[in-house]
Structure formats: structure tokens, C-alpha cells
$ cat input_14.csv   # CSV, C-alpha atoms
chain,number,residue,atom,x,y,z
W,27,MET,CA,104.4,266.8,-112.4
W,28,ILE,CA,107.2,268.6,-110.7
W,29,LYS,CA,109.8,266.6,-108.8
W,30,ASP,CA,107.5,263.6,-109.2
W,31,LEU,CA,104.7,265.5,-107.4
W,32,PRO,CA,101.3,266.4,-109.0
W,33,LEU,CA,100.7,270.1,-109.2
W,34,ALA,CA,98.1,269.9,-106.5
W,35,ALA,CA,100.7,268.5,-104.1
W,36,TYR,CA,103.6,270.7,-105.2
W,37,PHE,CA,101.7,273.9,-104.9
W,38,ARG,CA,100.0,273.0,-101.6
W,39,PRO,CA,100.0,276.2,-99.4
W,40,LYS,CA,102.6,276.1,-96.7
W,41,ASN,CA,101.3,279.0,-94.6
W,42,LEU,CA,98.2,281.1,-94.0
W,43,LYS,CA,99.4,283.8,-96.5
W,44,GLU,CA,99.3,281.2,-99.3
W,45,PHE,CA,96.0,279.8,-98.2
W,46,TYR,CA,93.4,281.4,-100.5
W,47,GLY,CA,89.8,281.5,-99.6
W,48,GLN,CA,88.0,280.5,-96.4
W,49,GLU,CA,88.3,284.1,-95.0
W,50,ARG,CA,85.4,283.5,-92.7
W,51,VAL,CA,87.4,280.7,-91.1
W,52,VAL,CA,91.0,281.9,-91.1
W,53,GLY,CA,90.7,285.6,-92.0
W,54,PRO,CA,92.2,288.1,-89.6
W,55,GLU,CA,88.9,288.6,-87.7
W,56,ALA,CA,88.2,284.9,-87.4
W,57,TRP,CA,88.4,283.1,-84.1
W,58,LEU,CA,90.5,280.3,-85.6
W,59,PHE,CA,93.1,282.8,-86.9
W,60,ALA,CA,93.4,284.1,-83.4
W,61,SER,CA,93.7,280.6,-81.9
W,62,ILE,CA,96.5,279.7,-84.3
W,63,LYS,CA,98.4,282.9,-83.6
W,64,ASN,CA,98.0,282.5,-79.9
W,65,ASP,CA,98.9,278.8,-80.0
W,66,LYS,CA,95.5,277.9,-78.5
W,67,VAL,CA,94.1,275.6,-81.1
W,68,PRO,CA,91.5,273.1,-79.7
W,69,SER,CA,90.6,269.8,-81.3
W,70,LEU,CA,88.7,270.4,-84.5
W,71,ILE,CA,86.4,268.7,-87.0
W,72,PHE,CA,86.8,270.2,-90.5
W,73,TRP,CA,83.6,269.7,-92.5
W,74,GLY,CA,83.7,270.6,-96.2
W,75,PRO,CA,83.7,269.3,-99.7
W,76,PRO,CA,86.7,267.8,-101.5
W,77,GLY,CA,89.4,270.3,-102.4
W,78,SER,CA,88.3,273.0,-99.9
W,79,GLY,CA,91.6,272.8,-98.0
W,80,LYS,CA,90.9,270.5,-95.0
W,81,THR,CA,94.2,268.6,-95.2
W,82,THR,CA,96.2,271.7,-96.1
W,83,LEU,CA,94.8,273.8,-93.3
W,84,ALA,CA,95.6,271.1,-90.8
W,85,ALA,CA,99.2,271.0,-91.9
W,86,ILE,CA,99.5,274.8,-91.8
W,87,ILE,CA,98.1,274.8,-88.2
W,88,ALA,CA,100.7,272.3,-87.2
W,89,LYS,CA,103.5,274.4,-88.8
W,90,GLU,CA,102.3,277.7,-87.4
W,91,THR,CA,102.0,276.3,-83.8
W,92,LYS,CA,105.2,274.3,-84.1
W,93,ALA,CA,103.5,271.0,-83.4
W,94,GLU,CA,104.4,267.5,-84.6
W,95,PHE,CA,102.1,266.7,-87.5
W,96,LYS,CA,100.8,263.1,-87.7
W,97,GLU,CA,98.4,262.0,-90.4
W,98,LEU,CA,96.1,259.0,-90.8
W,99,SER,CA,93.6,258.2,-93.5
W,100,ALA,CA,90.5,256.5,-92.0
W,101,THR,CA,90.1,254.4,-95.0
W,102,GLY,CA,93.4,252.5,-94.5
W,103,SER,CA,94.1,252.7,-90.8
W,104,GLY,CA,92.7,251.7,-87.4
W,105,VAL,CA,93.3,251.6,-83.7
W,106,LYS,CA,96.6,249.8,-84.1
W,107,ASP,CA,98.0,252.7,-86.1
W,108,LEU,CA,96.5,255.2,-83.6
W,109,LYS,CA,98.3,253.4,-80.7
W,110,ILE,CA,101.7,253.9,-82.4
W,111,ILE,CA,101.0,257.6,-82.9
W,112,VAL,CA,99.8,258.0,-79.3
W,113,GLU,CA,103.0,256.5,-77.9
W,114,GLN,CA,105.0,258.9,-80.1
W,115,ALA,CA,102.8,261.8,-78.9
W,116,ARG,CA,103.3,260.9,-75.2
W,117,GLU,CA,107.1,260.9,-75.7
W,118,ALA,CA,106.8,264.3,-77.5
W,119,LYS,CA,104.7,265.7,-74.7
W,120,ARG,CA,107.3,264.6,-72.2
W,121,LEU,CA,109.8,266.6,-74.2
W,122,GLY,CA,107.5,269.6,-74.3
W,123,MET,CA,106.3,269.1,-77.9
W,124,LYS,CA,102.7,269.2,-79.0
W,125,THR,CA,101.2,266.7,-81.5
W,126,ILE,CA,98.5,267.3,-84.0
W,127,LEU,CA,96.8,264.2,-85.3
W,128,PHE,CA,95.0,264.7,-88.6
W,129,ILE,CA,92.5,262.0,-89.6
W,130,ASP,CA,91.2,262.3,-93.1
W,131,GLU,CA,87.7,261.0,-93.7
W,132,ILE,CA,87.2,260.4,-90.0
W,133,HIS,CA,83.5,259.5,-90.7
W,134,ARG,CA,84.8,256.2,-92.1
W,135,TRP,CA,86.0,255.1,-88.6
W,136,ASN,CA,83.4,253.2,-86.6
W,137,LYS,CA,82.2,254.1,-83.1
W,138,ALA,CA,84.8,251.9,-81.4
W,139,GLN,CA,87.6,253.4,-83.4
W,140,GLN,CA,86.4,257.0,-82.8
W,141,ASP,CA,86.0,256.2,-79.0
W,142,ALA,CA,89.6,255.3,-78.9
W,143,LEU,CA,90.4,258.9,-79.5
W,144,LEU,CA,88.5,260.2,-76.5
W,145,PRO,CA,91.1,259.7,-73.7
W,146,GLN,CA,93.9,261.1,-75.9
W,147,VAL,CA,91.9,264.2,-76.7
W,148,GLU,CA,90.8,264.7,-73.1
W,149,THR,CA,94.3,264.4,-71.6
W,150,GLY,CA,95.8,266.6,-74.3
W,151,THR,CA,98.1,263.9,-75.6
W,152,ILE,CA,97.0,264.9,-79.0
W,153,THR,CA,95.1,267.7,-80.6
W,154,LEU,CA,92.8,266.1,-83.0
W,155,ILE,CA,91.9,267.5,-86.4
W,156,GLY,CA,89.4,265.3,-88.2
W,157,ALA,CA,88.2,265.9,-91.8
W,158,THR,CA,84.9,264.8,-93.2
W,159,THR,CA,82.7,265.5,-96.2
W,160,GLU,CA,79.7,264.2,-94.2
W,161,ASN,CA,77.6,266.0,-91.7
W,162,PRO,CA,79.5,265.6,-88.4
W,163,SER,CA,76.1,265.4,-86.5
W,164,PHE,CA,75.7,261.9,-88.1
W,165,ALA,CA,79.2,261.0,-89.0
W,166,VAL,CA,81.1,261.7,-85.8
W,167,ASN,CA,80.3,260.2,-82.4
W,168,ALA,CA,78.5,262.6,-80.0
W,169,ALA,CA,81.1,262.1,-77.3
W,170,LEU,CA,83.9,263.0,-79.7
W,171,LEU,CA,81.9,265.8,-81.2
W,172,SER,CA,81.4,267.4,-77.8
W,173,ARG,CA,85.2,267.6,-77.3
W,174,ALA,CA,85.9,269.2,-80.6
W,175,LYS,CA,84.9,272.4,-82.4
W,176,VAL,CA,83.3,272.0,-85.9
W,177,VAL,CA,84.8,274.2,-88.6
W,178,VAL,CA,82.8,274.5,-91.8
W,179,LEU,CA,84.9,274.9,-94.9
W,180,GLU,CA,83.0,276.0,-98.0
W,181,ALA,CA,83.7,275.2,-101.7
W,182,LEU,CA,86.2,277.8,-102.9
W,183,ARG,CA,85.0,280.8,-104.9
W,184,GLU,CA,86.0,281.2,-108.6
W,185,ASP,CA,88.2,284.1,-107.6
W,186,ASP,CA,90.1,282.0,-105.1
W,187,LEU,CA,90.6,279.3,-107.7
W,188,LEU,CA,91.9,281.9,-110.2
W,189,LYS,CA,94.5,283.0,-107.6
W,190,ILE,CA,95.6,279.4,-107.1
W,191,LEU,CA,95.9,278.8,-110.8
W,192,GLU,CA,97.8,282.0,-111.4
W,193,ARG,CA,100.2,281.3,-108.6
W,194,ALA,CA,101.0,277.9,-110.1
W,195,LEU,CA,101.5,279.3,-113.6
W,196,LYS,CA,103.7,282.2,-112.3
W,197,GLU,CA,106.1,279.7,-110.7
W,198,LEU,CA,106.0,277.4,-113.7
W,199,LYS,CA,106.6,280.5,-115.9
W,200,ILE,CA,103.8,279.6,-118.2
W,201,LYS,CA,101.2,282.0,-119.6
W,202,VAL,CA,97.6,281.0,-120.1
W,203,LYS,CA,94.8,283.2,-121.3
W,204,ARG,CA,92.6,284.5,-118.5
W,205,ASP,CA,89.3,283.3,-120.2
W,206,VAL,CA,90.8,279.7,-120.1
W,207,LEU,CA,91.7,280.1,-116.5
W,208,LYS,CA,88.2,281.4,-115.7
W,209,PHE,CA,86.7,278.4,-117.4
W,210,ILE,CA,88.8,276.0,-115.4
W,211,ALA,CA,87.8,277.8,-112.2
W,212,ARG,CA,84.1,277.7,-113.2
W,213,VAL,CA,84.0,274.0,-113.9
W,214,SER,CA,86.1,273.0,-110.9
W,215,SER,CA,83.1,273.3,-108.6
W,216,GLY,CA,85.0,275.1,-105.8
W,217,ASP,CA,87.7,272.3,-105.7
W,218,ALA,CA,91.3,273.6,-105.8
W,219,ARG,CA,92.6,270.0,-106.4
W,220,ARG,CA,90.4,269.6,-109.3
W,221,ALA,CA,91.4,272.9,-110.9
W,222,LEU,CA,95.1,272.1,-110.6
W,223,ASN,CA,94.5,268.6,-112.0
W,224,ILE,CA,92.7,270.0,-115.0
W,225,LEU,CA,95.6,272.4,-115.6
W,226,GLU,CA,98.2,269.7,-115.2
W,227,SER,CA,96.3,267.4,-117.6
W,228,ALA,CA,96.1,270.1,-120.2
W,229,LEU,CA,99.8,270.9,-119.9
W,230,GLU,CA,100.7,267.2,-120.2
W,231,VAL,CA,98.6,266.9,-123.4
W,232,ALA,CA,99.6,270.2,-125.0
W,233,GLY,CA,103.2,270.5,-123.7
W,234,ARG,CA,104.6,273.4,-121.7
W,235,ASP,CA,105.1,275.6,-124.8
W,236,ALA,CA,101.7,275.1,-126.4
W,237,ILE,CA,98.7,277.4,-126.1
W,238,LEU,CA,96.0,276.0,-123.9
W,239,SER,CA,92.6,276.4,-125.6
W,240,LEU,CA,89.1,276.1,-124.3
W,241,ASP,CA,88.5,273.2,-126.6
W,242,LEU,CA,91.4,271.3,-125.1
W,243,ILE,CA,90.2,272.0,-121.6
W,244,LYS,CA,86.7,270.8,-122.5
W,245,ALA,CA,88.1,267.6,-124.1
W,246,ILE,CA,90.0,266.9,-120.9
W,247,ILE,CA,87.1,267.6,-118.6
W,248,TYR,CA,84.7,265.4,-120.5
W,249,LYS,CA,87.1,262.5,-121.1
W,250,PRO,CA,85.3,259.5,-119.4
W,251,GLY,CA,86.7,258.6,-116.0
W,252,LEU,CA,89.5,261.2,-115.9
W,253,LEU,CA,88.2,263.6,-113.3
W,254,TYR,CA,85.3,261.9,-111.5
W,255,ASP,CA,84.9,263.5,-108.1
W,256,LYS,CA,82.3,263.0,-105.4
W,257,SER,CA,81.4,266.7,-105.4
W,258,GLY,CA,81.6,267.3,-109.2
W,259,ASP,CA,78.9,267.4,-111.8
W,260,GLU,CA,79.4,263.7,-112.8
W,261,HIS,CA,78.6,262.6,-109.3
W,262,TYR,CA,75.2,264.3,-109.4
W,263,ASN,CA,74.6,263.1,-113.0
W,264,LEU,CA,75.2,259.5,-112.0
W,265,ILE,CA,73.1,259.6,-108.8
W,266,SER,CA,70.3,261.2,-110.7
W,267,ALA,CA,70.5,258.5,-113.3
W,268,LEU,CA,70.5,255.8,-110.6
W,269,HIS,CA,67.4,257.3,-108.9
W,270,LYS,CA,65.5,257.8,-112.2
W,271,SER,CA,66.4,254.3,-113.4
W,272,MET,CA,65.0,252.7,-110.2
W,273,ARG,CA,61.9,254.9,-110.4
W,274,GLY,CA,61.4,253.9,-114.0
W,275,GLY,CA,61.7,250.2,-113.3
W,276,ASP,CA,64.9,249.6,-115.3
W,277,ALA,CA,66.9,247.1,-113.1
W,278,ASP,CA,69.7,246.8,-115.6
W,279,ALA,CA,70.4,250.6,-115.7
W,280,ALA,CA,70.0,250.8,-111.9
W,281,MET,CA,72.6,248.1,-111.3
W,282,TYR,CA,74.9,249.7,-113.9
W,283,TYR,CA,74.9,253.2,-112.4
W,284,SER,CA,75.2,251.9,-108.8
W,285,LEU,CA,78.3,249.8,-109.7
W,286,ARG,CA,79.8,252.5,-112.0
W,287,MET,CA,79.7,254.9,-109.0
W,288,VAL,CA,81.3,252.3,-106.8
W,289,MET,CA,84.1,251.7,-109.3
W,290,ALA,CA,84.7,255.4,-109.5
W,291,GLY,CA,85.3,255.6,-105.8
W,292,GLU,CA,81.9,256.5,-104.4
W,293,ASP,CA,81.3,255.7,-100.7
W,294,PRO,CA,79.0,252.6,-100.8
W,295,LEU,CA,77.3,253.9,-97.6
W,296,TYR,CA,76.2,257.1,-99.5
W,297,LEU,CA,74.6,254.9,-102.2
W,298,ALA,CA,72.9,252.7,-99.5
W,299,ARG,CA,71.5,255.9,-97.8
W,300,ARG,CA,70.1,257.1,-101.1
W,301,MET,CA,68.4,253.7,-101.6
W,302,ILE,CA,66.9,253.9,-98.1
W,303,ARG,CA,65.4,257.2,-98.9
W,304,PHE,CA,64.2,255.9,-102.3
W,305,ALA,CA,62.4,253.0,-100.6
W,306,SER,CA,60.2,255.3,-98.6
W,307,GLU,CA,59.9,258.2,-101.1
W,308,ASP,CA,59.2,256.3,-104.3
W,309,ILE,CA,58.0,252.9,-103.2
W,310,GLY,CA,56.4,253.5,-99.8
W,311,LEU,CA,53.3,251.5,-99.0
W,312,ALA,CA,53.3,249.7,-102.3
W,313,ASN,CA,56.0,247.4,-100.9
W,314,ASN,CA,57.0,247.8,-97.3
W,315,SER,CA,59.8,245.2,-97.7
W,316,ALA,CA,61.8,247.6,-99.8
W,317,LEU,CA,62.7,249.7,-96.8
W,318,MET,CA,63.8,246.6,-94.9
W,319,LEU,CA,66.1,245.5,-97.8
W,320,ALA,CA,67.5,249.0,-98.2
W,321,THR,CA,68.4,249.2,-94.5
W,322,ALA,CA,69.8,245.7,-94.6
W,323,THR,CA,71.9,246.8,-97.6
W,324,TYR,CA,73.3,249.7,-95.6
W,325,ASP,CA,74.2,247.3,-92.8
W,326,ALA,CA,75.9,244.9,-95.3
W,327,CYS,CA,78.0,247.7,-96.8
W,328,LYS,CA,79.0,248.8,-93.3
W,329,SER,CA,79.9,245.2,-92.2
W,330,ILE,CA,81.8,243.9,-95.2
W,331,GLY,CA,82.9,247.0,-97.1
W,332,LEU,CA,84.3,247.1,-100.6
W,333,PRO,CA,84.7,245.3,-102.9
W,334,GLU,CA,82.4,242.6,-101.5
W,335,CYS,CA,79.4,244.9,-100.8
W,336,GLY,CA,79.1,245.9,-104.5
W,337,VAL,CA,76.9,242.9,-105.1
W,338,ASN,CA,74.6,244.0,-102.2
W,339,LEU,CA,74.2,247.4,-103.8
W,340,ALA,CA,73.4,245.8,-107.2
W,341,HIS,CA,70.9,243.4,-105.5
W,342,CYS,CA,69.1,246.3,-103.8
W,343,ALA,CA,69.1,248.5,-106.9
W,344,ALA,CA,67.5,245.8,-108.9
W,345,TYR,CA,64.9,245.0,-106.2
W,346,LEU,CA,63.9,248.7,-105.8
W,347,ALA,CA,63.7,249.1,-109.6
W,348,LYS,CA,61.4,246.0,-109.9
W,349,SER,CA,59.2,247.0,-106.9
W,350,PRO,CA,55.8,248.6,-107.4
W,351,LYS,CA,55.8,252.3,-106.7
W,352,SER,CA,53.7,254.7,-104.6
W,353,VAL,CA,54.5,258.3,-103.7
W,354,ALA,CA,51.4,258.6,-101.4
W,355,VAL,CA,53.5,258.7,-98.1
W,356,TYR,CA,56.0,261.1,-99.7
W,357,PHE,CA,53.3,263.5,-100.8
W,358,ALA,CA,51.6,263.2,-97.4
W,359,HIS,CA,54.9,263.9,-95.7
W,360,ASN,CA,55.4,267.1,-97.7
W,361,GLU,CA,51.9,268.3,-97.1
W,362,ILE,CA,52.1,267.7,-93.4
W,363,MET,CA,55.4,269.5,-93.1
W,364,GLN,CA,53.9,272.5,-94.8
W,365,GLU,CA,50.8,272.4,-92.6
W,366,ILE,CA,52.9,272.3,-89.4
W,367,GLU,CA,55.0,275.2,-90.7
W,368,ASN,CA,51.8,277.2,-91.4
W,369,SER,CA,49.7,276.3,-88.4
W,370,GLY,CA,52.4,275.9,-85.8
W,371,SER,CA,52.0,273.9,-82.6
W,372,LEU,CA,48.3,273.1,-82.5
W,373,PRO,CA,47.0,271.8,-79.2
W,374,VAL,CA,46.6,268.0,-78.8
W,375,PRO,CA,42.9,267.1,-78.2
W,376,MET,CA,42.1,266.7,-74.6
W,377,HIS,CA,40.9,263.1,-74.9
W,378,LEU,CA,44.2,262.0,-76.4
W,379,ARG,CA,46.4,263.6,-73.6
W,380,ASN,CA,48.2,261.5,-71.1
W,381,ALA,CA,46.9,261.8,-67.5
W,382,PRO,CA,49.4,260.2,-65.1
W,383,THR,CA,48.5,262.5,-62.2
W,384,LYS,CA,45.3,263.5,-60.3
W,385,LEU,CA,45.8,267.1,-61.3
W,386,MET,CA,45.8,266.2,-65.0
W,387,LYS,CA,42.7,264.1,-64.6
W,388,ASP,CA,41.0,267.0,-62.8
W,389,LEU,CA,41.9,269.1,-65.8
W,390,GLU,CA,40.1,266.5,-68.0
W,391,TYR,CA,43.2,265.2,-69.6
W,392,GLY,CA,42.2,261.9,-71.3
W,393,LYS,CA,38.5,262.4,-70.6
W,394,ASP,CA,36.1,260.5,-73.0
W,395,TYR,CA,38.9,258.6,-74.7
W,396,LYS,CA,37.6,255.4,-76.3
W,397,TYR,CA,39.9,252.4,-75.9
W,398,THR,CA,39.7,251.0,-79.4
W,399,PRO,CA,40.2,247.2,-78.6
W,400,THR,CA,37.1,247.2,-76.4
W,401,GLU,CA,35.1,250.3,-77.1
W,402,ASP,CA,33.4,251.8,-80.2
W,403,SER,CA,35.8,254.5,-81.3
W,404,SER,CA,34.4,254.9,-84.8
W,405,LYS,CA,33.5,258.6,-84.1
W,406,GLN,CA,36.7,259.4,-82.2
W,407,THR,CA,39.0,262.0,-83.8
W,408,TYR,CA,42.8,262.1,-83.5
W,409,LEU,CA,44.1,265.2,-85.3
W,410,PRO,CA,44.1,268.6,-83.6
W,411,GLU,CA,40.6,270.2,-83.7
W,412,LYS,CA,41.6,272.7,-86.4
W,413,LEU,CA,42.6,269.8,-88.7
W,414,ASN,CA,39.6,267.5,-88.1
W,415,GLY,CA,38.6,265.7,-91.3
W,416,ARG,CA,41.8,266.6,-93.1
W,417,LYS,CA,43.2,263.8,-95.3
W,418,PHE,CA,46.9,263.8,-95.9
W,419,LEU,CA,47.4,260.3,-97.1
W,420,LYS,CA,45.7,260.0,-100.5
W,421,LYS,CA,45.5,257.2,-102.9
W,422,ILE,CA,48.0,258.1,-105.7

$ encode --input "input_14.csv" --output "C-alpha cells"
Amino acid sequence: MIKDLPLAAYFRPKNLKEFYGQERVVGPEAWLFASIKNDKVPSLIFWGPPGSGKTTLAAIIAKETKAEFKELSATGSGVKDLKIIVEQAREAKRLGMKTILFIDEIHRWNKAQQDALLPQVETGTITLIGATTENPSFAVNAALLSRAKVVVLEALREDDLLKILERALKELKIKVKRDVLKFIARVSSGDARRALNILESALEVAGRDAILSLDLIKAIIYKPGLLYDKSGDEHYNLISALHKSMRGGDADAAMYYSLRMVMAGEDPLYLARRMIRFASEDIGLANNSALMLATATYDACKSIGLPECGVNLAHCAAYLAKSPKSVAVYFAHNEIMQEIENSGSLPVPMHLRNAPTKLMKDLEYGKDYKYTPTEDSSKQTYLPEKLNGRKFLKKI
């Protein structure tokens, strides 16, 4: 730490020149670069993985445009906090000052909380910059999304991470072999914060005057619990272990991995969504109640949050693991999707078409349709003519 700040905080870029990577977004030819320089920045939604620079870029935009910078974390704030900032922004606007409100993890705010932002964005009281790791199409209200521009930030390249590490070492006046820095950049999964955290941990263990070796870096990276990140390898290892434990019927392992991820800081709604998918993909018609419990678990997590919803996740994980399994629907889904891609928009059979008007009836829409409850429809076909007789749902 420097001046009681972690390296990632101390070396946070303060202007666009120090902001490495994301050239497609803030390079000289990018529209956002021009918007910043012309002081015409609209409300924005930054969508990108952890450590890609969402918070940093928001602060830089405020500094470059000489705006008041207010920051909220959606995990620990609500409408009450928003109202305080809005009052401050109104006063600033009266004095000719702009206010940029940055909301980290905006996807964690519910619809009512996000709706509270609408009038402030519309009147220009604030310029909103929301940050999310989730797809904005699903995580941000449509009304709010229509009033903001989505900016996609990608995981940083290894070359960008190298520049960030080298800049920090230059200021610290410490030399580290390039192969060690390259290794740190490679295992950081495009996350600048993770790269600097690894470097900082290594320096704390070895001391400023010691030589940092690859073995030391590896020991730090693989120390349990030290660097778990939702976008890192361990995240994918754990979700894979959870999925395979449920598929294999091991309820103990399924509960263990679900709760381990919760304790490591994973979003419970992410786990609940994975369980919903699992209920249809791996259990399917073998137990239709699995999907109902999985969706109920999502609602429970959304309603009561952590830490209480941990038991709901454990309950669901155990139930899914113990349920009989069938991949028939999943395989049929994949086969149908491939068929649609190959054959395109095949015409709906005439006897199945809706005929609400005389013209449509004259064109023989709905002709010869057999009403199943009262007529013999045993010979009636339903798929497009080209696919007649095709069986997608097989007994597996």
C-alpha cells in the first residue's frame, strides 16, 4: 500500500492519457472521445467485466468535463441516497455546474429504484453513468436504457496490463523481470485491478528489495481465497463444479459449491439463473417441478437477498442434484435451432393459419383444420410441410 491506499487505487488513471486500453471506446477516433472533448457527454451505461476501467473512466469524464462527480454503489444505497444527491445536483445546476452521478453495479437496483433516475436524467439534473457486468438488455430498465447510450468495455489486453504494471513499478522505483510481468498480465484475465493486486501481494510477501520470481507469483495466485474474482478462472471452475455436481446427483457437493461461491462474493441471482437453466437443460421433462423451484429460488434471492437467501440456493442445489435427469428437451432444442438456421422461415401449413377476415378465408386460411376436442385429428399434421414426420423430441 502507498499512503494507506492499495496499488490499484493509488495508480488509478487520472486522465485519458493514463487510461490504457479501450481505444475503440476512447481512442482519438471514437465518438466518446469527441463527446468528452466537446463537453457533450450523454448519460451512459458502461457494460464490461471487472477491472476493465468502468469506475475510472467515469471519474475521468467528470474531471475532463469539469463536472461534479457523485458516486453510489447499488449494493449499499437506494432512493434515499439518490434524493440527497439530486438536491445537491439541482443546487449545482443553479450555479452553472454539471453533475455526473456514477452508480456502480446498477443492475442491483430494482425497477422502482431505476425508475427514480428517469426524471433526473430527462431534465438534465444529472448525467448518469451506470456500470454493470450484466447484459444491460436484461439488467437495466427499458425506459432508462432508452435514455442512455451503452458503452461496451472489453477485458484489457495483455499489452495494456503490461503498461499498467510497468507504470506502477516505474513510480515505485522497483525492477521486475519482464517474463514475470508477462505472466501476471496473462493470468489476470484482462483485469487491471487483479494485475495490480497480484503485484502488490508479491511485493508484500517478498519485500521491496527482493526479486519477484514466477514461483512466488504462482504461490500467491493459487493461495485459496486470496484472489477470487467473478470474472477469473476460479469463478468458472466453481460454477463448472456446481453444474457437474448437480448433474452427477451429488447433493452435498452441489450445496458446497453454491455456498462457497456465495461466501466468495458471487451474486446469488447469477447462481439462481444458472439453476433455472439447469432445470430445463439437464432435468427437463423428468421432473417439471424442478423449473418451478428454480424460478422460485430466483424470486427468493431477489426478495430477501444475502445472507438469508443462501439457504434457498442450497435447498435448490440439493433438489436439482437429487432430481431424475433428462436431456431430451435440451437436445431437441438444439436440433430445432439448427433446423431453423438451415431451412429458414418455412411457410405455416394453410390449415393452421388464422383466418380472422373474409379475404383470408377466401384464400383458404384455416381450411380443413380439425378441432381436436370434437373432431378426429389423428391424421392432422402440424409442422411445416417440408418437416412432416420429423421427430425432434426423442426418448433419451

$ closest_residue --input "input_14.csv" --among "W:Ala35, W:Leu83, W:Leu121, W:Ile110" --to "Arg220 (chain W)" --atoms "only C-alpha atoms"
W:Ala35

$ closest_residue --input "input_14.csv" --among "W:Ile237, W:Ile210, W:Leu188, W:Pro68" --to "Ser172 (chain W)" --atoms "all atoms listed in the file"
W:Pro68

$ atom_distance --input "input_14.csv" --atom1 "CA of Phe37 (chain W)" --atom2 "CA of Leu225 (chain W)"
12.4 Å

$ residues_around --input "input_14.csv" --residues "Arg212 (chain W)" --least-positions-apart "6" --cutoff "12 Å" --atoms "all atoms listed in the file" --output "PyMOL selection string"
chain W and resi 181-188+205-206+218+220-221+224+243-244+247+258-259

$ atom_distance --input "input_14.csv" --atom1 "CA of Ser99 (chain W)" --atom2 "CA of Glu131 (chain W)"
6.5 Å

$ residues_around --input "input_14.csv" --residues "region 270-285 of chain W" --least-positions-apart "2" --cutoff "7 Å" --atoms "all atoms listed in the file" --output "VMD selection string"
chain W and resid 264 266 to 268 287 to 289 308 336 339 to 340 343 to 344 346 to 348
